[in-house]
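Student: You'll find run.txt just under this line, and it carries compact mmCIF, N, CA and C atoms.
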# COMPACT_ATOMS: atom_id res chain seq x y z
N VAL A 1 11.18 -7.10 20.42
CA VAL A 1 9.80 -6.61 20.41
C VAL A 1 8.91 -7.63 21.09
N GLN A 2 8.09 -7.16 21.99
CA GLN A 2 7.14 -8.03 22.67
C GLN A 2 5.72 -7.58 22.29
N LEU A 3 4.89 -8.57 22.04
CA LEU A 3 3.50 -8.30 21.68
C LEU A 3 2.60 -8.98 22.71
N VAL A 4 1.73 -8.22 23.32
CA VAL A 4 0.83 -8.75 24.34
C VAL A 4 -0.60 -8.55 23.89
N GLU A 5 -1.30 -9.66 23.71
CA GLU A 5 -2.68 -9.62 23.22
C GLU A 5 -3.66 -9.72 24.38
N SER A 6 -4.85 -9.21 24.13
CA SER A 6 -5.95 -9.36 25.08
C SER A 6 -7.26 -9.25 24.32
N GLY A 7 -8.33 -9.73 24.95
CA GLY A 7 -9.67 -9.54 24.39
C GLY A 7 -10.33 -10.76 23.83
N GLY A 8 -9.65 -11.90 23.76
CA GLY A 8 -10.29 -13.09 23.25
C GLY A 8 -11.31 -13.64 24.24
N GLY A 9 -12.05 -14.65 23.80
CA GLY A 9 -13.02 -15.26 24.69
C GLY A 9 -14.08 -16.03 23.95
N LEU A 10 -15.17 -16.29 24.65
CA LEU A 10 -16.29 -17.05 24.11
C LEU A 10 -17.44 -16.10 23.82
N VAL A 11 -18.01 -16.24 22.63
CA VAL A 11 -19.13 -15.37 22.24
C VAL A 11 -20.09 -16.18 21.37
N GLN A 12 -21.34 -15.81 21.40
CA GLN A 12 -22.32 -16.47 20.55
C GLN A 12 -22.24 -15.92 19.13
N ALA A 13 -22.67 -16.74 18.19
CA ALA A 13 -22.70 -16.30 16.79
C ALA A 13 -23.51 -15.02 16.67
N GLY A 14 -22.98 -14.10 15.88
CA GLY A 14 -23.62 -12.79 15.73
C GLY A 14 -23.10 -11.75 16.68
N GLY A 15 -22.34 -12.18 17.66
CA GLY A 15 -21.80 -11.26 18.65
C GLY A 15 -20.53 -10.57 18.18
N SER A 16 -19.94 -9.82 19.11
CA SER A 16 -18.74 -9.04 18.80
C SER A 16 -17.66 -9.24 19.86
N LEU A 17 -16.45 -9.07 19.44
CA LEU A 17 -15.29 -9.06 20.33
C LEU A 17 -14.30 -8.05 19.80
N ARG A 18 -13.49 -7.51 20.70
CA ARG A 18 -12.44 -6.59 20.30
C ARG A 18 -11.12 -7.11 20.86
N LEU A 19 -10.19 -7.38 19.96
CA LEU A 19 -8.86 -7.80 20.35
C LEU A 19 -7.93 -6.59 20.38
N SER A 20 -7.01 -6.61 21.34
CA SER A 20 -6.00 -5.56 21.44
C SER A 20 -4.62 -6.20 21.49
N CYS A 21 -3.64 -5.47 20.99
CA CYS A 21 -2.26 -5.95 21.02
C CYS A 21 -1.34 -4.77 21.24
N ALA A 22 -0.61 -4.81 22.34
CA ALA A 22 0.33 -3.74 22.66
C ALA A 22 1.75 -4.21 22.37
N ALA A 23 2.50 -3.38 21.66
CA ALA A 23 3.88 -3.69 21.31
C ALA A 23 4.83 -2.90 22.21
N SER A 24 5.91 -3.55 22.60
CA SER A 24 6.93 -2.87 23.39
C SER A 24 8.30 -3.38 22.95
N GLY A 25 9.34 -2.65 23.35
CA GLY A 25 10.68 -3.05 22.96
C GLY A 25 11.20 -2.18 21.83
N VAL A 26 11.99 -2.77 20.95
CA VAL A 26 12.62 -2.04 19.85
C VAL A 26 11.60 -1.92 18.73
N ILE A 27 10.74 -0.94 18.85
CA ILE A 27 9.59 -0.88 17.96
C ILE A 27 9.81 -0.03 16.73
N PHE A 28 10.96 0.63 16.63
CA PHE A 28 11.15 1.49 15.46
C PHE A 28 11.22 0.68 14.18
N SER A 29 11.50 -0.62 14.32
CA SER A 29 11.60 -1.47 13.14
C SER A 29 10.25 -1.93 12.62
N ILE A 30 9.20 -1.61 13.35
CA ILE A 30 7.88 -2.09 12.97
C ILE A 30 7.22 -1.11 12.01
N ASN A 31 6.84 -1.61 10.85
CA ASN A 31 6.03 -0.82 9.93
C ASN A 31 4.60 -1.32 9.95
N ALA A 32 4.45 -2.64 9.94
CA ALA A 32 3.11 -3.21 9.85
C ALA A 32 2.80 -4.05 11.09
N MET A 33 1.53 -4.03 11.44
CA MET A 33 1.02 -4.91 12.49
C MET A 33 -0.22 -5.60 11.95
N GLY A 34 -0.52 -6.74 12.53
CA GLY A 34 -1.68 -7.45 12.00
C GLY A 34 -2.11 -8.58 12.90
N TRP A 35 -3.08 -9.31 12.39
CA TRP A 35 -3.63 -10.47 13.09
C TRP A 35 -3.70 -11.67 12.15
N TYR A 36 -3.15 -12.76 12.59
CA TYR A 36 -3.29 -14.04 11.92
C TYR A 36 -4.15 -14.93 12.82
N ARG A 37 -4.71 -15.98 12.25
CA ARG A 37 -5.46 -16.94 13.06
C ARG A 37 -5.16 -18.36 12.62
N GLN A 38 -5.26 -19.23 13.59
CA GLN A 38 -5.01 -20.66 13.35
C GLN A 38 -6.15 -21.44 13.96
N ALA A 39 -6.93 -22.08 13.11
CA ALA A 39 -8.03 -22.91 13.59
C ALA A 39 -7.58 -24.37 13.59
N PRO A 40 -8.14 -25.20 14.46
CA PRO A 40 -7.74 -26.61 14.51
C PRO A 40 -7.92 -27.29 13.17
N GLY A 41 -6.88 -27.95 12.70
CA GLY A 41 -6.95 -28.69 11.46
C GLY A 41 -6.92 -27.85 10.21
N LYS A 42 -6.71 -26.56 10.36
CA LYS A 42 -6.69 -25.67 9.20
C LYS A 42 -5.37 -24.93 9.12
N GLN A 43 -5.06 -24.46 7.91
CA GLN A 43 -3.86 -23.67 7.73
C GLN A 43 -4.06 -22.28 8.32
N GLY A 44 -3.00 -21.74 8.89
CA GLY A 44 -3.07 -20.39 9.42
C GLY A 44 -3.29 -19.39 8.30
N GLU A 45 -3.97 -18.31 8.62
CA GLU A 45 -4.24 -17.30 7.61
C GLU A 45 -4.15 -15.90 8.18
N LEU A 46 -3.81 -14.98 7.30
CA LEU A 46 -3.84 -13.57 7.65
C LEU A 46 -5.29 -13.13 7.74
N VAL A 47 -5.65 -12.52 8.85
CA VAL A 47 -7.00 -12.00 9.03
C VAL A 47 -7.06 -10.54 8.57
N ALA A 48 -6.15 -9.75 9.10
CA ALA A 48 -6.12 -8.33 8.75
C ALA A 48 -4.77 -7.75 9.11
N GLY A 49 -4.36 -6.74 8.38
CA GLY A 49 -3.11 -6.07 8.67
C GLY A 49 -3.21 -4.59 8.39
N ILE A 50 -2.32 -3.83 9.02
CA ILE A 50 -2.32 -2.39 8.84
C ILE A 50 -0.90 -1.88 8.92
N THR A 51 -0.56 -0.95 8.03
CA THR A 51 0.76 -0.37 8.05
C THR A 51 0.76 0.91 8.90
N SER A 52 1.95 1.43 9.15
CA SER A 52 2.05 2.65 9.95
C SER A 52 1.37 3.82 9.25
N GLY A 53 1.27 3.72 7.93
CA GLY A 53 0.61 4.77 7.16
C GLY A 53 -0.89 4.62 7.07
N GLY A 54 -1.40 3.52 7.62
CA GLY A 54 -2.85 3.32 7.66
C GLY A 54 -3.40 2.45 6.55
N ASN A 55 -2.55 1.91 5.69
CA ASN A 55 -3.04 1.00 4.65
C ASN A 55 -3.46 -0.32 5.30
N THR A 56 -4.59 -0.86 4.87
CA THR A 56 -5.11 -2.07 5.47
C THR A 56 -5.28 -3.19 4.44
N ASN A 57 -5.33 -4.40 4.96
CA ASN A 57 -5.50 -5.58 4.13
C ASN A 57 -6.34 -6.56 4.94
N TYR A 58 -7.40 -7.10 4.31
CA TYR A 58 -8.28 -8.03 5.01
C TYR A 58 -8.44 -9.33 4.22
N ALA A 59 -8.63 -10.42 4.95
CA ALA A 59 -9.03 -11.67 4.32
C ALA A 59 -10.44 -11.49 3.78
N ASP A 60 -10.72 -12.12 2.65
CA ASP A 60 -12.06 -11.99 2.06
C ASP A 60 -13.15 -12.44 3.03
N SER A 61 -12.84 -13.43 3.84
CA SER A 61 -13.84 -14.01 4.73
C SER A 61 -14.27 -13.07 5.85
N VAL A 62 -13.50 -12.01 6.10
CA VAL A 62 -13.84 -11.10 7.20
C VAL A 62 -14.17 -9.69 6.74
N LYS A 63 -14.04 -9.44 5.46
CA LYS A 63 -14.33 -8.10 4.96
C LYS A 63 -15.78 -7.71 5.28
N GLY A 64 -15.94 -6.50 5.76
CA GLY A 64 -17.27 -6.01 6.13
C GLY A 64 -17.68 -6.38 7.54
N ARG A 65 -16.96 -7.27 8.17
CA ARG A 65 -17.28 -7.69 9.55
C ARG A 65 -16.20 -7.28 10.54
N PHE A 66 -14.95 -7.34 10.12
CA PHE A 66 -13.82 -7.02 11.00
C PHE A 66 -13.21 -5.69 10.58
N THR A 67 -12.72 -4.96 11.58
CA THR A 67 -12.03 -3.71 11.31
C THR A 67 -10.74 -3.65 12.13
N ILE A 68 -9.64 -3.41 11.44
CA ILE A 68 -8.36 -3.26 12.13
C ILE A 68 -8.04 -1.78 12.25
N SER A 69 -7.49 -1.41 13.39
CA SER A 69 -7.09 -0.02 13.58
C SER A 69 -5.81 -0.01 14.41
N ARG A 70 -5.18 1.14 14.42
CA ARG A 70 -3.87 1.22 15.06
C ARG A 70 -3.71 2.58 15.72
N ASP A 71 -3.17 2.56 16.91
CA ASP A 71 -2.82 3.78 17.64
C ASP A 71 -1.30 3.82 17.69
N ASN A 72 -0.69 4.59 16.80
CA ASN A 72 0.77 4.61 16.72
C ASN A 72 1.40 5.19 17.99
N ALA A 73 0.72 6.12 18.62
CA ALA A 73 1.26 6.73 19.84
C ALA A 73 1.35 5.71 20.96
N LYS A 74 0.42 4.76 20.97
CA LYS A 74 0.40 3.73 22.01
C LYS A 74 1.00 2.42 21.53
N ASN A 75 1.44 2.38 20.28
CA ASN A 75 2.00 1.15 19.71
C ASN A 75 1.04 -0.02 19.91
N THR A 76 -0.21 0.24 19.65
CA THR A 76 -1.25 -0.75 19.88
C THR A 76 -2.09 -0.92 18.62
N VAL A 77 -2.45 -2.16 18.35
CA VAL A 77 -3.32 -2.46 17.23
C VAL A 77 -4.57 -3.15 17.78
N TYR A 78 -5.70 -2.86 17.14
CA TYR A 78 -6.97 -3.41 17.57
C TYR A 78 -7.63 -4.17 16.42
N LEU A 79 -8.42 -5.16 16.78
CA LEU A 79 -9.23 -5.86 15.79
C LEU A 79 -10.66 -5.93 16.32
N GLN A 80 -11.53 -5.13 15.74
CA GLN A 80 -12.94 -5.16 16.10
C GLN A 80 -13.62 -6.21 15.24
N MET A 81 -14.21 -7.20 15.89
CA MET A 81 -14.83 -8.31 15.18
C MET A 81 -16.33 -8.29 15.45
N ASN A 82 -17.09 -8.06 14.41
CA ASN A 82 -18.54 -8.04 14.51
C ASN A 82 -19.16 -9.18 13.70
N SER A 83 -20.40 -9.47 13.98
CA SER A 83 -21.13 -10.53 13.26
C SER A 83 -20.32 -11.81 13.21
N LEU A 84 -19.82 -12.20 14.35
CA LEU A 84 -18.95 -13.36 14.41
C LEU A 84 -19.69 -14.64 14.05
N LYS A 85 -18.95 -15.54 13.40
CA LYS A 85 -19.49 -16.82 12.95
C LYS A 85 -18.70 -17.96 13.59
N PRO A 86 -19.31 -19.13 13.70
CA PRO A 86 -18.56 -20.26 14.28
C PRO A 86 -17.24 -20.52 13.54
N GLU A 87 -17.20 -20.27 12.25
CA GLU A 87 -15.97 -20.50 11.50
C GLU A 87 -14.87 -19.48 11.80
N ASP A 88 -15.18 -18.48 12.60
CA ASP A 88 -14.15 -17.54 13.07
C ASP A 88 -13.40 -18.09 14.29
N THR A 89 -13.87 -19.21 14.81
CA THR A 89 -13.22 -19.82 15.96
C THR A 89 -11.77 -20.19 15.62
N ALA A 90 -10.84 -19.70 16.42
CA ALA A 90 -9.42 -19.92 16.17
C ALA A 90 -8.62 -19.27 17.28
N VAL A 91 -7.32 -19.54 17.28
CA VAL A 91 -6.40 -18.77 18.09
C VAL A 91 -5.90 -17.61 17.23
N TYR A 92 -6.02 -16.41 17.74
CA TYR A 92 -5.64 -15.22 17.01
C TYR A 92 -4.29 -14.71 17.52
N TYR A 93 -3.39 -14.48 16.57
CA TYR A 93 -2.03 -14.05 16.91
C TYR A 93 -1.78 -12.64 16.38
N CYS A 94 -1.29 -11.81 17.24
CA CYS A 94 -0.85 -10.48 16.82
C CYS A 94 0.53 -10.60 16.20
N THR A 95 0.77 -9.85 15.14
CA THR A 95 2.06 -9.89 14.48
C THR A 95 2.58 -8.48 14.21
N ALA A 96 3.88 -8.40 14.01
CA ALA A 96 4.50 -7.11 13.70
C ALA A 96 5.75 -7.34 12.88
N GLY A 97 6.05 -6.40 11.99
CA GLY A 97 7.23 -6.54 11.17
C GLY A 97 7.30 -5.50 10.08
N PRO A 98 8.16 -5.70 9.09
CA PRO A 98 8.32 -4.71 8.03
C PRO A 98 7.15 -4.64 7.05
N GLY A 99 6.40 -5.72 6.95
CA GLY A 99 5.26 -5.75 6.05
C GLY A 99 4.12 -6.56 6.63
N ILE A 100 2.92 -6.35 6.11
CA ILE A 100 1.75 -7.07 6.63
C ILE A 100 1.93 -8.57 6.49
N ARG A 101 2.50 -8.99 5.37
CA ARG A 101 2.66 -10.43 5.11
C ARG A 101 4.09 -10.91 5.40
N SER A 102 4.85 -10.11 6.12
CA SER A 102 6.21 -10.50 6.49
C SER A 102 6.48 -10.18 7.95
N PRO A 103 5.72 -10.80 8.85
CA PRO A 103 5.93 -10.51 10.27
C PRO A 103 7.20 -11.13 10.81
N ASN A 104 7.87 -10.40 11.67
CA ASN A 104 9.05 -10.90 12.36
C ASN A 104 8.72 -11.31 13.79
N TYR A 105 7.64 -10.76 14.30
CA TYR A 105 7.31 -10.97 15.70
C TYR A 105 5.86 -11.46 15.83
N TRP A 106 5.67 -12.36 16.80
CA TRP A 106 4.35 -12.94 17.04
C TRP A 106 4.02 -12.85 18.53
N GLY A 107 2.76 -12.61 18.82
CA GLY A 107 2.29 -12.68 20.19
C GLY A 107 2.05 -14.12 20.60
N GLN A 108 1.60 -14.29 21.83
CA GLN A 108 1.40 -15.64 22.36
C GLN A 108 0.09 -16.25 21.91
N GLY A 109 -0.80 -15.44 21.34
CA GLY A 109 -2.07 -15.94 20.86
C GLY A 109 -3.18 -15.79 21.89
N THR A 110 -4.35 -15.47 21.40
CA THR A 110 -5.52 -15.39 22.27
C THR A 110 -6.66 -16.16 21.60
N PRO A 111 -7.31 -17.07 22.32
CA PRO A 111 -8.34 -17.89 21.70
C PRO A 111 -9.67 -17.15 21.56
N VAL A 112 -10.30 -17.37 20.44
CA VAL A 112 -11.65 -16.86 20.19
C VAL A 112 -12.52 -18.06 19.83
N THR A 113 -13.61 -18.21 20.58
CA THR A 113 -14.54 -19.30 20.32
C THR A 113 -15.93 -18.72 20.07
N VAL A 114 -16.50 -19.06 18.93
CA VAL A 114 -17.83 -18.57 18.56
C VAL A 114 -18.77 -19.77 18.55
N SER A 115 -19.74 -19.73 19.43
CA SER A 115 -20.69 -20.84 19.54
C SER A 115 -21.91 -20.58 18.64
N SER A 116 -22.45 -21.66 18.12
CA SER A 116 -23.61 -21.52 17.22
C SER A 116 -24.92 -21.57 17.98
Could you rewrite the structure in this file as structure tokens?
Tutor:
Amino acid sequence: VQLVESGGGLVQAGGSLRLSCAASGVIFSINAMGWYRQAPGKQGELVAGITSGGNTNYADSVKGRFTISRDNAKNTVYLQMNSLKPEDTAVYYCTAGPGIRSPNYWGQGTPVTVSS
């Protein structure tokens, strides 16, 4: 399974970004897709995840600001990020696997920088 991310970049605080991740390869094994992030000097964390059935899971820090969605026909997952804060600055990784918190596959990462 290959995961290709796009949509990261530099944005001012309060702005928005939309991340996309397209999956290809042996995708029948994928039930859940999601986004993790790794900020410098901090532990990586799950940002949001979604199952093939549409169940979602969000980190408390992004609830109400971020929305994850999935297009099963296109094997693509999206992360709409609104009201961005400097503390959202991190490298965001797309993930896929049998469960939201049990990814088997990781994308290459896309950096998101939020300036104050």
Student: Would you give me, as a tab-separated table, each residue of stretch 86-109 of chain A having an atom within 10 Å of an atom of stretch 10-18 of chain A, along with its shortest atom pair and that distance in Å to one decimal, using only C-alpha atoms and sorting by chain and residue number?
Tutor:
residue	atom	partner	partner_atom	distance
A:Pro86	CA	A:Ala13	CA	6.3
A:Glu87	CA	A:Ala13	CA	9.5
A:Asp88	CA	A:Ala13	CA	9.4
A:Thr89	CA	A:Leu10	CA	9.1
Student: Have a look at atom CA of A:Ala39 and atom C of A:Asp71 and let me know their distance in Å, one decimal.
Tutor: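 Between these atoms lies a distance of 27.9 Å.
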Student: Determine the nearest neighbour of A:Pro111 from the options A:Ala48, A:Gly8, A:Val62, A:Trp35, counting only N, CA and C atoms.
Tutor: A:Gly8
Student: Pick from A:Gly107, A:Gly7, A:Pro40, A:Gly99: nearest to A:Ser52, with only C-alpha atoms counted?
Tutor: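 Under the stated criterion, the closest residue is A:Gly99.
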Student: Select, from A:Ala59, A:Ile27, A:Leu19, A:Leu3, the residue with the minimum atom-to-atom distance to A:Thr95, counting only N, CA and C atoms.
Tutor: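 Ranked by minimum distance to A:Thr95, first place goes to A:Leu3.
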Student: Enclose stretch 24-42 of chain A, meaning all of its atoms listed in the file, in a box aligned along x, y and z, pad it by 5 Å on each side, and list the centre and edge lengths in Å to one decimal, as lines of an AutoDock Vina configuration file.
Tutor:
center_x = 2.2
center_y = -13.6
center_z = 16.3
size_x = 30.8
size_y = 40.2
size_z = 24.3
Student: Hey, can you check how far atom CA of A:Arg70 sits from atom C of A:Gly54?
Tutor: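 For atom CA of A:Arg70 relative to atom C of A:Gly54, the distance reads 8.6 Å.
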Student: Out of chain A, which residues get strand (DSSP E or B) from DSSP, as an MDAnalysis selection string?
Tutor: chainID A and resid 2:6 9:12 17:24 32:38 45:51 56:58 66:71 76:81 90:97 99 102 105:106 110:115
Student: Give the answer as one residue: which of A:Gly49, A:Ser6, A:Lys42, A:Tyr58 has the shortest atom-to-atom distance to A:Ile100, using all atoms listed in the file?
Tutor: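 So, comparing all the options, the nearest one is A:Gly49.
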Student: If we count all atoms listed in the file, what is near stretch 72-78 of chain A at a cut-off of 7 Å, once residues fewer than 2 positions away on the same chain are taken out, given as a PDB file with N, CA and C atoms, in the frame of the given file?
Tutor:
ATOM      1  N   ARG A  18     -13.490  -7.510  20.700  1.00  0.00           N
ATOM      2  CA  ARG A  18     -12.440  -6.590  20.300  1.00  0.00           C
ATOM      3  C   ARG A  18     -11.120  -7.110  20.860  1.00  0.00           C
ATOM      4  N   LEU A  19     -10.190  -7.380  19.960  1.00  0.00           N
ATOM      5  CA  LEU A  19      -8.860  -7.800  20.350  1.00  0.00           C
ATOM      6  C   LEU A  19      -7.930  -6.590  20.380  1.00  0.00           C
ATOM      7  N   SER A  20      -7.010  -6.610  21.340  1.00  0.00           N
ATOM      8  CA  SER A  20      -6.000  -5.560  21.440  1.00  0.00           C
ATOM      9  C   SER A  20      -4.620  -6.200  21.490  1.00  0.00           C
ATOM     10  N   CYS A  21      -3.640  -5.470  20.990  1.00  0.00           N
ATOM     11  CA  CYS A  21      -2.260  -5.950  21.020  1.00  0.00           C
ATOM     12  C   CYS A  21      -1.340  -4.770  21.240  1.00  0.00           C
ATOM     13  N   ALA A  22      -0.610  -4.810  22.340  1.00  0.00           N
ATOM     14  CA  ALA A  22       0.330  -3.740  22.660  1.00  0.00           C
ATOM     15  C   ALA A  22       1.750  -4.210  22.370  1.00  0.00           C
ATOM     16  N   ALA A  23       2.500  -3.380  21.660  1.00  0.00           N
ATOM     17  CA  ALA A  23       3.880  -3.690  21.310  1.00  0.00           C
ATOM     18  C   ALA A  23       4.830  -2.900  22.210  1.00  0.00           C
ATOM     19  N   SER A  24       5.910  -3.550  22.600  1.00  0.00           N
ATOM     20  CA  SER A  24       6.930  -2.870  23.390  1.00  0.00           C
ATOM     21  C   SER A  24       8.300  -3.380  22.950  1.00  0.00           C
ATOM     22  N   MET A  33       1.530  -4.030  11.440  1.00  0.00           N
ATOM     23  CA  MET A  33       1.020  -4.910  12.490  1.00  0.00           C
ATOM     24  C   MET A  33      -0.220  -5.600  11.950  1.00  0.00           C
ATOM     25  N   GLY A  34      -0.520  -6.740  12.530  1.00  0.00           N
ATOM     26  CA  GLY A  34      -1.680  -7.450  12.000  1.00  0.00           C
ATOM     27  C   GLY A  34      -2.110  -8.580  12.900  1.00  0.00           C
ATOM     28  N   THR A  67     -12.720  -4.960  11.580  1.00  0.00           N
ATOM     29  CA  THR A  67     -12.030  -3.710  11.310  1.00  0.00           C
ATOM     30  C   THR A  67     -10.740  -3.650  12.130  1.00  0.00           C
ATOM     31  N   ILE A  68      -9.640  -3.410  11.440  1.00  0.00           N
ATOM     32  CA  ILE A  68      -8.360  -3.260  12.130  1.00  0.00           C
ATOM     33  C   ILE A  68      -8.040  -1.780  12.250  1.00  0.00           C
ATOM     34  N   SER A  69      -7.490  -1.410  13.390  1.00  0.00           N
ATOM     35  CA  SER A  69      -7.090  -0.020  13.580  1.00  0.00           C
ATOM     36  C   SER A  69      -5.810  -0.010  14.410  1.00  0.00           C
ATOM     37  N   ARG A  70      -5.180   1.140  14.420  1.00  0.00           N
ATOM     38  CA  ARG A  70      -3.870   1.220  15.060  1.00  0.00           C
ATOM     39  C   ARG A  70      -3.710   2.580  15.720  1.00  0.00           C
ATOM     40  N   GLN A  80     -11.530  -5.130  15.740  1.00  0.00           N
ATOM     41  CA  GLN A  80     -12.940  -5.160  16.100  1.00  0.00           C
ATOM     42  C   GLN A  80     -13.620  -6.210  15.240  1.00  0.00           C
TER      43      GLN A  80
END
Student: Rounded to one decimal in Å, what is the spacing between atom N of A:Asn57 and atom C of A:Gly109?
Tutor: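 Atom C of A:Gly109 lies 20.5 Å from atom N of A:Asn57.
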Student: My list of candidates is A:Trp106, A:Pro98, A:Met81, A:Phe66. Which is closest to A:Gln2 when distances are computed with all atoms listed in the file?
Tutor: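 Among the listed residues, the smallest separation from A:Gln2 belongs to A:Trp106.
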Student: Quick one: DSSP helix (DSSP H, G or I) residues in chain A, as a list in words?
Tutor: Ile27, Phe28, Ser29, Asp60, Ser61, Val62, Pro86, Glu87 and Asp88 of chain A
Student: Take the residues just selected and output them with N, CA and C atoms as a PDB file, in the frame of the given file.
Tutor:
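New file part.pdb:
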ATOM      1  N   ILE A  27      10.740  -0.940  18.850  1.00  0.00           N
ATOM      2  CA  ILE A  27       9.590  -0.880  17.960  1.00  0.00           C
ATOM      3  C   ILE A  27       9.810  -0.030  16.730  1.00  0.00           C
ATOM      4  N   PHE A  28      10.960   0.630  16.630  1.00  0.00           N
ATOM      5  CA  PHE A  28      11.150   1.490  15.460  1.00  0.00           C
ATOM      6  C   PHE A  28      11.220   0.680  14.180  1.00  0.00           C
ATOM      7  N   SER A  29      11.500  -0.620  14.320  1.00  0.00           N
ATOM      8  CA  SER A  29      11.600  -1.470  13.140  1.00  0.00           C
ATOM      9  C   SER A  29      10.250  -1.930  12.620  1.00  0.00           C
ATOM     10  N   ASP A  60     -10.720 -12.120   2.650  1.00  0.00           N
ATOM     11  CA  ASP A  60     -12.060 -11.990   2.060  1.00  0.00           C
ATOM     12  C   ASP A  60     -13.150 -12.440   3.030  1.00  0.00           C
ATOM     13  N   SER A  61     -12.840 -13.430   3.840  1.00  0.00           N
ATOM     14  CA  SER A  61     -13.840 -14.010   4.730  1.00  0.00           C
ATOM     15  C   SER A  61     -14.270 -13.070   5.850  1.00  0.00           C
ATOM     16  N   VAL A  62     -13.500 -12.010   6.100  1.00  0.00           N
ATOM     17  CA  VAL A  62     -13.840 -11.100   7.200  1.00  0.00           C
ATOM     18  C   VAL A  62     -14.170  -9.690   6.740  1.00  0.00           C
ATOM     19  N   PRO A  86     -19.310 -19.130  13.700  1.00  0.00           N
ATOM     20  CA  PRO A  86     -18.560 -20.260  14.280  1.00  0.00           C
ATOM     21  C   PRO A  86     -17.240 -20.520  13.540  1.00  0.00           C
ATOM     22  N   GLU A  87     -17.200 -20.270  12.250  1.00  0.00           N
ATOM     23  CA  GLU A  87     -15.970 -20.500  11.500  1.00  0.00           C
ATOM     24  C   GLU A  87     -14.870 -19.480  11.800  1.00  0.00           C
ATOM     25  N   ASP A  88     -15.180 -18.480  12.600  1.00  0.00           N
ATOM     26  CA  ASP A  88     -14.150 -17.540  13.070  1.00  0.00           C
ATOM     27  C   ASP A  88     -13.400 -18.090  14.290  1.00  0.00           C
TER      28      ASP A  88
END
Student: Which residues come within 7 Å of A:Gly97, counting only N, CA and C atoms, excluding same-chain residues fewer than 5 positions away, as a JSON list (two decimals) with N, CA and C atoms, in the coordinates of the input?
Tutor:
[["chain", "number", "residue", "atom", "x", "y", "z"],
["A", 29, "SER", "N", 11.50, -0.62, 14.32],
["A", 29, "SER", "CA", 11.60, -1.47, 13.14],
["A", 29, "SER", "C", 10.25, -1.93, 12.62],
["A", 30, "ILE", "N", 9.20, -1.61, 13.35],
["A", 30, "ILE", "CA", 7.88, -2.09, 12.97],
["A", 30, "ILE", "C", 7.22, -1.11, 12.01],
["A", 31, "ASN", "N", 6.84, -1.61, 10.85],
["A", 31, "ASN", "CA", 6.03, -0.82, 9.93],
["A", 31, "ASN", "C", 4.60, -1.32, 9.95],
["A", 32, "ALA", "N", 4.45, -2.64, 9.94],
["A", 32, "ALA", "CA", 3.11, -3.21, 9.85],
["A", 32, "ALA", "C", 2.80, -4.05, 11.09],
["A", 33, "MET", "N", 1.53, -4.03, 11.44],
["A", 33, "MET", "CA", 1.02, -4.91, 12.49],
["A", 33, "MET", "C", -0.22, -5.60, 11.95],
["A", 34, "GLY", "N", -0.52, -6.74, 12.53],
["A", 34, "GLY", "CA", -1.68, -7.45, 12.00],
["A", 34, "GLY", "C", -2.11, -8.58, 12.90],
["A", 102, "SER", "N", 4.85, -10.11, 6.12],
["A", 102, "SER", "CA", 6.21, -10.50, 6.49],
["A", 102, "SER", "C", 6.48, -10.18, 7.95],
["A", 103, "PRO", "N", 5.72, -10.80, 8.85],
["A", 103, "PRO", "CA", 5.93, -10.51, 10.27],
["A", 103, "PRO", "C", 7.20, -11.13, 10.81],
["A", 104, "ASN", "N", 7.87, -10.40, 11.67],
["A", 104, "ASN", "CA", 9.05, -10.90, 12.36],
["A", 104, "ASN", "C", 8.72, -11.31, 13.79],
["A", 105, "TYR", "N", 7.64, -10.76, 14.30],
["A", 105, "TYR", "CA", 7.31, -10.97, 15.70],
["A", 105, "TYR", "C", 5.86, -11.46, 15.83]]
